[in-house]
Structures are given as structure tokens and as C-alpha cells.
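Asks: There's a structure below that I have some questions on.
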Amino acid sequence: MRHGISSIGDALREYMNKSRLKPRMMEVRIQENWEQLMGKTIARYTENIQLIDAKLIITTSVAPLKQELNYAREKIIKLVNEMLGEPVVREVIIN
């Protein structure tokens, strides 16, 4: 292939890695897989999930769930990063 790019897939991956769209794409993947990662009950009471500067911001108004999520921060980071296949999330913030 020309210009050192071996395939269209490689070119797309390279573009996504350099693009400003990548964090947003990762956020959408997390939102789509949230129920699988955390279970139906937690997903039902989670109001919003955002990814901003490697911080996963989880919003819920249920106090016991906030407490449970606070205790599970490291587990959440591990699960999300494993699902994404790369270390995207470095911190979890519960609102």
C-alpha cells in the first residue's frame, strides 16, 4: 500500500486516535455497555454517564447507590478499561 498505511482499518484507527471524536466515541461505548458492566439495577438508577478528561462521571440521585459506587470505584475503572480494551478511564467521580 502507499504512504506507509497498510489498510483502511489501520487508517481509520490512526484517524480516530488523533481525532477529537475519540473521547466522545468512548463515552458512547461506555453508555451502551453500562448495563452489561454494572447490572440492571445499577443501570436503572444511573441518570447520566460522561467521560471528560479520563474521568468517568456517574450521576445518580439514589444515596445508597452513590455509596455503593464510591466503594466500587477501582472495580468500575478496571471493568470499563477492560471493555474498551485500553486505559481510557483514570478516575471515577460520583455525583
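In the C-alpha cells, each chain is lettered A, B, ... as it comes, each chain's residues begin at 1, and ligands are numbered from 1 in order of appearance.
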When you look at Met26 in chain A with a cut-off of 10 Å (counting only C-alpha atoms), what residues show up, excluding the ones that are within fewer than 5 positions of it in the same chain? I need them as a ChimeraX atom specification.
Replies: /A:21,31-32,50-51,80,84,88-89
Asks: Would you please give, as JSON, numbers by chain, all residues of chain A that DSSP assigns to alpha helix (DSSP H) based on the backbone?
Replies: {"A": [8, 9, 10, 11, 12, 13, 14, 15, 16, 17, 18, 22, 23, 24, 25, 26, 27, 28, 29, 30, 31, 32, 33, 34, 35, 36, 37, 38, 40, 41, 42, 43, 44, 45, 63, 64, 65, 66, 67, 68, 69, 70, 71, 73, 74, 75, 76, 77, 78, 79, 80, 81, 82, 83, 84]}
Asks: Within 12 Å of Ile94 in chain A, counting only C-alpha atoms, which residues qualify if same-chain residues fewer than 6 places away don't, as a ChimeraX atom specification?
Replies: /A:46-50,55-73,76
Asks: Pick out each residue of chain A that DSSP on the backbone tags as strand (DSSP E); I need them as a VMD selection string.
Replies: chain A and resid 48 to 52 55 to 59 91 to 94
Asks: Just give me the gap between CA of Glu35 in chain A and CA of Ile77 in chain A in Å, one decimal is fine.
Replies: 15.0 Å
Asks: Can you tell me how far CA of Ser19 in chain A sits from CA of Gln36 in chain A, in Å to one decimal?
Replies: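 For CA of Ser19 in chain A relative to CA of Gln36 in chain A, the distance reads 27.4 Å.
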